[in-house]
Amino acid sequence: MKKVVRIENRIVSIGGDDGSLEEFDIAYFNYDPKVGDRVQIYRNENNVVISKDASVDSITLNFSSDLSTHVVNKIIYVLFAFFFGTFGAQEFYAGHKKAGLYSVVFCWTGIPTLYGVYKAIVALSKQEDEFGNIVM
């Protein structure tokens with residue numbers, strides 16, 4: 001598997017698992033490359049085409065779709081997590097709808113209650129900005 005390791009002045013460096021390093025002009029890419037992207041390199045006598053590895057992309061999309069970060073007020077988040085964590089109120093407040101729905105569905109087990117207390121402790125340990133906000 002090959003991976004983008006550096007981008008400088010239209011030159012993209014791609015590292016291989018074997019420690020090899022190849023450099024290509026950005027024009028060879030059929031997408032906008034970023035450092036860390038896993039790629040496939042296709043070659044023939046005259047052309048080189050570099051594509052993002054679709055199998056890795058689909059896995060990343062599945063896991064990152066609901067794990068994005070949001071800025072929330074620290075005090076409100078902690079209060080939601082501590083008092084209404086059983087129902088995932090802190091997750092809905094932070095914009096994590098799937099996690100909130102899981103909490104509602106499994107509220108009868110008591111697990112979301114423990115998770116809410118845990119999230120309140122995590123939020124309390126975070127340093128807030130000048131407006132009292134934290135990233136969750």
# chains A, B, ... in the order shown; residues from 1 in each chain; ligands from 1
$ residues_around --residues "Leu79 of chain A" --least-positions-apart "6" --cutoff "10 Å" --atoms "only C-alpha atoms" --output "VMD selection string"
chain A and resid 85 89 to 90 116 to 117 120
$ residues_around --residues "Lys52 of chain A" --least-positions-apart "5" --cutoff "8 Å" --atoms "only C-alpha atoms" --output "NGL selection string"
:A and (31 or 33 or 37-40 or 57)
$ atom_distance --atom1 "atom CA of Ile76 of chain A" --atom2 "atom CA of Trp108 of chain A"
24.0 Å
$ closest_residue --among "A:Thr86, A:Tyr118, A:Met136, A:Lys2" --to "Asp18 of chain A" --atoms "only C-alpha atoms"
A:Lys2
$ closest_residue --among "A:Tyr102, A:Phe83, A:Tyr93, A:Tyr77" --to "Lys126 of chain A" --atoms "only C-alpha atoms"
A:Tyr77
$ atom_distance --atom1 "atom CA of Ile134 of chain A" --atom2 "atom CA of Ser103 of chain A"
21.6 Å
$ atom_distance --atom1 "atom CA of Arg6 of chain A" --atom2 "atom CA of Val35 of chain A"
5.8 Å
$ residues_around --residues "Asp17 of chain A" --least-positions-apart "2" --cutoff "8 Å" --atoms "only C-alpha atoms" --output "PyMOL selection string"
chain A and resi 1-2+15+19-20
$ residues_around --residues "Val135 of chain A" --least-positions-apart "6" --cutoff "8 Å" --atoms "only C-alpha atoms" --output "list in words"
Thr69, His70, Val71 and Val72 of chain A
$ closest_residue --among "A:Val122, A:Val104, A:Ile11, A:Ile75" --to "Phe87 of chain A" --atoms "only C-alpha atoms"
A:Val104
$ residues_around --residues "Phe106 of chain A" --least-positions-apart "6" --cutoff "12 Å" --atoms "only C-alpha atoms" --output "number ranges by chain"
A: 85-88, 99-100, 112-115
$ select_by_dssp --residues "chain A" --states "strand (DSSP E)" --output "PyMOL selection string"
chain A and resi 2-8+11-16+21-25+38-43+48-52+71-73+133-135
$ select_by_dssp --residues "segment 3-80 of chain A" --states "helix (DSSP H, G or I)" --output "ChimeraX atom specification"
/A:26-28,54-64,74-80
$ closest_residue --among "A:Phe80, A:Phe29, A:Lys34, A:Leu124" --to "Asn47 of chain A" --atoms "only C-alpha atoms"
A:Phe29
$ closest_residue --among "A:Gly16, A:Phe84, A:Lys74, A:Asn44" --to "Glu130 of chain A" --atoms "only C-alpha atoms"
A:Lys74
